[in-house]
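Here is the file query.csv (CSV, C-alpha atoms).
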chain,number,residue,atom,x,y,z
A,453,MET,CA,0.0,0.0,0.0
A,454,GLU,CA,1.2,3.5,-0.9
A,455,ASN,CA,2.4,5.3,2.3
A,456,LEU,CA,0.8,8.5,3.4
A,457,GLU,CA,3.7,10.8,2.6
A,458,LYS,CA,4.0,9.6,-1.0
A,459,LYS,CA,0.2,9.6,-1.4
A,460,PHE,CA,-0.1,13.3,-0.4
A,461,ASP,CA,3.0,14.4,-2.2
A,462,ARG,CA,1.4,13.0,-5.3
A,463,THR,CA,-2.1,14.4,-4.5
A,464,SER,CA,-0.8,17.8,-3.6
A,465,ARG,CA,-0.4,18.8,-7.2
A,466,PHE,CA,-4.1,18.7,-7.9
A,467,TYR,CA,-5.7,18.6,-4.4
A,468,ASP,CA,-7.0,22.2,-4.3
A,469,TRP,CA,-8.4,21.9,-7.8
A,470,ILE,CA,-10.4,18.8,-7.1
A,471,ASP,CA,-11.4,19.9,-3.6
A,472,TRP,CA,-12.5,23.4,-4.7
A,473,PRO,CA,-16.3,22.8,-4.9
A,474,PHE,CA,-16.4,21.2,-1.4
A,475,GLU,CA,-14.2,23.9,0.0
A,476,ARG,CA,-16.2,26.7,-1.5
A,477,PHE,CA,-19.7,25.5,-0.7
A,478,ARG,CA,-19.3,23.4,2.4
A,479,TYR,CA,-16.0,23.7,4.3
A,480,ARG,CA,-15.1,27.4,4.3
A,481,LYS,CA,-17.8,28.5,6.7
A,482,ILE,CA,-17.1,25.7,9.1
A,483,ARG,CA,-13.3,26.5,9.1
A,484,GLN,CA,-14.1,30.1,9.8
A,485,ARG,CA,-16.4,29.1,12.7
A,486,ILE,CA,-13.7,26.8,14.2
A,487,TRP,CA,-10.9,29.4,14.2
A,488,LYS,CA,-12.9,32.4,15.3
A,489,GLY,CA,-11.9,33.4,18.8
A,490,LEU,CA,-8.9,31.0,19.2
A,491,SER,CA,-6.0,32.6,21.0
A,492,GLY,CA,-2.5,31.8,22.4
A,493,LYS,CA,-0.4,29.0,20.9
A,494,ILE,CA,-2.4,27.1,18.4
A,495,LEU,CA,-1.6,24.0,16.3
A,496,ASP,CA,-3.1,23.2,12.9
A,497,ALA,CA,-2.5,19.4,12.8
A,498,GLY,CA,-2.4,18.1,9.3
A,499,VAL,CA,-2.3,21.5,7.7
A,500,GLY,CA,-2.4,20.1,4.2
A,501,THR,CA,-2.4,22.7,1.4
A,502,GLY,CA,-3.4,25.4,4.0
A,503,SER,CA,-7.1,25.6,3.7
A,504,ASN,CA,-7.4,26.8,7.3
A,505,ILE,CA,-4.8,29.6,6.8
A,506,PRO,CA,-7.2,32.3,5.7
A,507,PHE,CA,-9.0,32.0,9.0
A,508,TYR,CA,-6.0,32.0,11.4
A,509,PRO,CA,-6.5,34.7,14.1
A,510,GLU,CA,-4.2,37.7,13.9
A,511,ASN,CA,-1.4,38.2,16.4
A,512,GLN,CA,-1.4,34.7,17.7
A,513,GLN,CA,1.3,32.0,17.6
A,514,VAL,CA,0.1,29.4,15.0
A,515,PHE,CA,2.0,26.3,14.1
A,516,GLY,CA,1.1,24.0,11.1
A,517,ILE,CA,2.4,20.5,10.7
A,518,ASP,CA,2.1,18.0,7.9
A,519,LEU,CA,3.8,14.8,6.7
A,520,SER,CA,3.9,15.8,3.1
A,521,ALA,CA,6.5,18.2,1.7
A,522,GLY,CA,4.3,18.8,-1.4
A,523,MET,CA,1.3,19.8,0.8
A,524,LEU,CA,3.5,22.1,2.9
A,525,GLU,CA,4.9,23.8,-0.2
A,526,ARG,CA,1.4,24.9,-1.2
A,527,ALA,CA,0.5,25.9,2.4
A,528,LYS,CA,3.6,28.1,2.6
A,529,ALA,CA,2.7,29.8,-0.7
A,530,LYS,CA,-0.8,30.4,0.6
A,531,ALA,CA,0.4,31.8,3.9
A,532,SER,CA,2.8,34.1,2.1
A,533,SER,CA,0.2,35.4,-0.3
A,534,LEU,CA,-2.2,36.1,2.6
A,535,GLY,CA,0.5,37.7,4.8
A,536,LYS,CA,-0.1,35.2,7.5
A,537,ASN,CA,2.6,34.5,10.1
A,538,VAL,CA,2.6,30.7,10.7
A,539,ASP,CA,5.4,28.3,11.5
A,540,LEU,CA,5.0,25.4,9.1
A,541,GLN,CA,7.0,22.2,9.7
A,542,LYS,CA,7.2,18.8,8.2
A,543,MET,CA,6.6,16.1,10.7
A,544,SER,CA,4.4,13.1,11.6
A,545,VAL,CA,1.4,13.8,13.8
A,546,TYR,CA,2.1,10.4,15.5
A,547,HIS,CA,5.4,11.7,17.0
A,548,THR,CA,6.0,15.4,17.4
A,549,PRO,CA,8.9,17.2,19.2
A,550,PHE,CA,6.5,19.4,21.2
A,551,SER,CA,6.5,19.1,25.0
A,552,ASP,CA,3.5,18.0,26.9
A,553,GLY,CA,0.8,20.6,27.2
A,554,THR,CA,2.4,23.0,24.6
A,555,PHE,CA,-0.8,24.3,22.9
A,556,ASP,CA,-3.7,26.3,24.1
A,557,ALA,CA,-5.8,24.9,21.2
A,558,VAL,CA,-5.4,22.3,18.5
A,559,VAL,CA,-7.4,22.2,15.2
A,560,ALA,CA,-7.5,18.9,13.3
A,561,THR,CA,-9.6,19.2,10.1
A,562,PHE,CA,-9.9,15.9,8.2
A,563,LEU,CA,-7.1,14.3,10.2
A,564,CYS,CA,-8.4,11.1,11.8
A,565,CYS,CA,-10.3,10.2,8.6
A,566,VAL,CA,-7.1,10.5,6.6
A,567,VAL,CA,-4.3,9.0,8.7
A,568,ASP,CA,-3.9,5.2,8.8
A,569,GLN,CA,-3.5,5.2,12.6
A,570,PRO,CA,-6.1,7.6,14.1
A,571,VAL,CA,-5.6,6.3,17.6
A,572,LEU,CA,-1.9,7.3,17.6
A,573,ALA,CA,-2.8,10.7,16.1
A,574,ALA,CA,-5.4,11.3,18.8
A,575,ARG,CA,-3.0,10.3,21.6
A,576,GLU,CA,-0.3,12.7,20.4
A,577,LEU,CA,-2.8,15.6,20.1
A,578,LYS,CA,-4.0,14.8,23.6
A,579,ARG,CA,-0.4,14.9,24.9
A,580,ILE,CA,0.6,18.2,23.4
A,581,CYS,CA,-2.6,20.1,24.2
A,582,LYS,CA,-3.0,21.9,27.6
A,583,LYS,CA,-5.4,20.3,30.0
A,584,ASP,CA,-7.8,23.3,29.8
A,585,GLY,CA,-7.3,23.6,26.1
A,586,LYS,CA,-9.7,22.4,23.4
A,587,ILE,CA,-9.1,20.2,20.4
A,588,TYR,CA,-11.4,20.7,17.4
A,589,PHE,CA,-11.9,17.8,15.1
A,590,LEU,CA,-13.7,18.2,11.7
A,591,GLU,CA,-14.1,14.7,10.4
A,592,TYR,CA,-15.9,12.4,8.0
A,593,VAL,CA,-17.4,9.4,9.8
A,594,LEU,CA,-19.3,6.3,9.0
A,595,SER,CA,-23.1,7.0,8.9
A,596,LYS,CA,-25.5,5.1,11.1
A,597,LYS,CA,-28.0,4.9,8.3
A,598,PRO,CA,-27.7,1.6,6.3
A,599,VAL,CA,-28.0,3.0,2.8
A,600,ARG,CA,-25.6,5.8,3.5
A,601,ARG,CA,-23.1,3.4,5.2
A,602,PHE,CA,-23.2,1.1,2.1
A,603,ILE,CA,-22.5,4.0,-0.2
A,604,GLN,CA,-19.6,5.2,2.0
A,605,LYS,CA,-18.0,1.8,2.0
A,606,MET,CA,-18.4,1.5,-1.8
A,607,VAL,CA,-16.7,4.9,-2.5
A,608,THR,CA,-14.0,4.7,0.2
A,609,PRO,CA,-11.4,2.9,-2.1
A,610,TYR,CA,-11.7,5.8,-4.6
A,611,THR,CA,-11.6,8.5,-1.9
A,612,ARG,CA,-8.6,6.9,-0.2
A,613,PHE,CA,-6.7,7.0,-3.5
A,614,MET,CA,-7.7,10.5,-4.6
A,615,PHE,CA,-7.9,12.3,-1.2
A,616,GLY,CA,-6.7,9.9,1.4
A,617,VAL,CA,-10.1,10.0,3.0
A,618,ASP,CA,-11.6,7.0,4.7
A,619,PHE,CA,-15.3,7.3,5.3
A,620,THR,CA,-15.4,4.2,7.6
A,621,GLN,CA,-13.8,5.8,10.7
A,622,ASP,CA,-15.6,6.3,14.0
A,623,THR,CA,-13.7,9.2,15.3
A,624,LEU,CA,-16.1,9.9,18.2
A,625,ALA,CA,-15.7,6.4,19.5
A,626,THR,CA,-11.9,6.6,19.1
A,627,LEU,CA,-11.8,9.8,21.2
A,628,GLN,CA,-14.0,8.5,23.9
A,629,LYS,CA,-11.9,5.3,24.1
A,630,GLU,CA,-8.8,7.5,24.5
A,631,GLY,CA,-10.3,9.4,27.4
A,632,PHE,CA,-11.2,12.6,25.7
A,633,GLN,CA,-14.0,14.7,27.3
A,634,ILE,CA,-16.5,15.5,24.5
A,635,ILE,CA,-17.9,18.9,25.0
A,636,GLN,CA,-19.6,19.3,21.6
A,637,GLU,CA,-20.7,17.0,18.8
A,638,LYS,CA,-22.4,18.6,15.9
A,639,ASN,CA,-23.6,17.1,12.6
A,640,ILE,CA,-22.5,19.3,9.7
A,641,THR,CA,-23.7,17.2,6.8
A,642,GLY,CA,-26.2,14.6,7.8
A,643,ASP,CA,-24.4,12.3,10.2
A,644,VAL,CA,-21.4,11.9,7.8
A,645,LEU,CA,-19.5,15.1,8.5
A,646,LYS,CA,-19.1,16.0,12.2
A,647,LEU,CA,-17.5,18.8,14.2
A,648,ILE,CA,-16.3,17.4,17.5
A,649,VAL,CA,-14.8,19.6,20.3
A,650,ALA,CA,-12.9,17.8,22.9
A,651,GLN,CA,-10.9,18.4,26.0
A,652,ILE,CA,-8.3,16.4,27.9
In structure tokens, what does this structure look like?
Amino acid sequence: MENLEKKFDRTSRFYDWIDWPFERFRYRKIRQRIWKGLSGKILDAGVGTGSNIPFYPENQQVFGIDLSAGMLERAKAKASSLGKNVDLQKMSVYHTPFSDGTFDAVVATFLCCVVDQPVLAARELKRICKKDGKIYFLEYVLSKKPVRRFIQKMVTPYTRFMFGVDFTQDTLATLQKEGFQIIQEKNITGDVLKLIVAQI
């Protein structure tokens, strides 16, 4: 199986172009809502091509990490064009060099539905977020409705190849199992796209 780094290096060349309709008509408002009011030291975990960058709060210390150099190259260009000050670094979300409790807030948009080991990713975000901080997960999850579940399972091989997205994840259950306190769970698109706000 193609590893994540190679997959997203390959995908980075056309990712924004293919994702544009979803970004324009579905994701943009949600991203803006997530980032509004965040302050302090903030991590954008799995920054990708930088779709969150337009919504970064001013005069805050924002870090963005991603495994893919190709994705980061585009994120850096986006940050530069928007005049956003962000520290972008190439690293795995499974093992970061940050100390325990480094961040006041963590944002993870489409992370657990993309990585091949969501439990490890969740554990690392839990470690590096402050105990009174919040972690915002925007994730595709497997529907509880039979027909929708069937369709998701059918299209997942394609979405894995094109976007790296796995619709069969149960991120809420993963977070609960890892001891996160769920303070908000909101369906964005049916019960397929969820915003989950968690604390340690």
- Task: Name all residues at most 6 Å from segment 510-520 of chain A (count only C-alpha atoms; drop same-chain ones fewer than 6 positions away) and give them as a PyMOL selection string.
- Result: chain A and resi 457+460-461+492-499+538-544
- Message: Could you check the closest approach to Phe507 of chain A for each of A:Lys528, A:Lys481, A:Lys578, A:Lys586 and tell me which residue wins, using only C-alpha atoms?
- Response: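 Closest to Phe507 of chain A of all the choices is A:Lys481.
With only C-alpha atoms as the atoms that count, the residue of A:Cys581, A:Leu594, A:Val566, A:Ala557 with the shortest distance to Phe615 of chain A is A:Val566.
For the atom pair formed by atom CA of Phe474 of chain A and atom CA of Val558 of chain A, the distance is 22.8 Å, given to one decimal.
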- Which is closest to Lys458 of chain A among A:Phe613, A:Pro473, A:Val571, A:Ile603, if we use all atoms listed in the file? A:Phe613
- Query: Residues around (2.4, 12.9, 19.7), cut-off 10 Å, counting only C-alpha atoms - what are they as a VMD selection string?
  - Reply: chain A and resid 544 to 552 572 to 581
I'd like the contact shell of Tyr592 of chain A - 12 Å cut-off, all atoms listed in the file, skipping same-chain residues fewer than 5 positions apart - returned as a short mmCIF file (atom, residue, chain, number, x, y, z; two decimals) with C-alpha atoms, keeping the file's coordinate frame.
data_model
loop_
_atom_site.label_atom_id
_atom_site.label_comp_id
_atom_site.auth_asym_id
_atom_site.auth_seq_id
_atom_site.Cartn_x
_atom_site.Cartn_y
_atom_site.Cartn_z
CA TYR A 479 -16.00 23.70 4.30
CA ALA A 560 -7.50 18.90 13.30
CA THR A 561 -9.60 19.20 10.10
CA PHE A 562 -9.90 15.90 8.20
CA LEU A 563 -7.10 14.30 10.20
CA CYS A 564 -8.40 11.10 11.80
CA CYS A 565 -10.30 10.20 8.60
CA VAL A 566 -7.10 10.50 6.60
CA ARG A 601 -23.10 3.40 5.20
CA GLN A 604 -19.60 5.20 2.00
CA THR A 608 -14.00 4.70 0.20
CA THR A 611 -11.60 8.50 -1.90
CA GLY A 616 -6.70 9.90 1.40
CA VAL A 617 -10.10 10.00 3.00
CA ASP A 618 -11.60 7.00 4.70
CA PHE A 619 -15.30 7.30 5.30
CA THR A 620 -15.40 4.20 7.60
CA GLN A 621 -13.80 5.80 10.70
CA ASP A 622 -15.60 6.30 14.00
CA THR A 623 -13.70 9.20 15.30
CA LEU A 624 -16.10 9.90 18.20
CA LYS A 638 -22.40 18.60 15.90
CA ASN A 639 -23.60 17.10 12.60
CA ILE A 640 -22.50 19.30 9.70
CA THR A 641 -23.70 17.20 6.80
CA GLY A 642 -26.20 14.60 7.80
CA ASP A 643 -24.40 12.30 10.20
CA VAL A 644 -21.40 11.90 7.80
CA LEU A 645 -19.50 15.10 8.50
CA LYS A 646 -19.10 16.00 12.20
CA LEU A 647 -17.50 18.80 14.20
CA ILE A 648 -16.30 17.40 17.50
#
- Message: Just want the 7 Å neighbourhood of Lys582 of chain A, counted on all atoms listed in the file, with same-chain residues fewer than 3 positions away dropped. Output as a ChimeraX atom specification.
- Response: /A:553-556,585
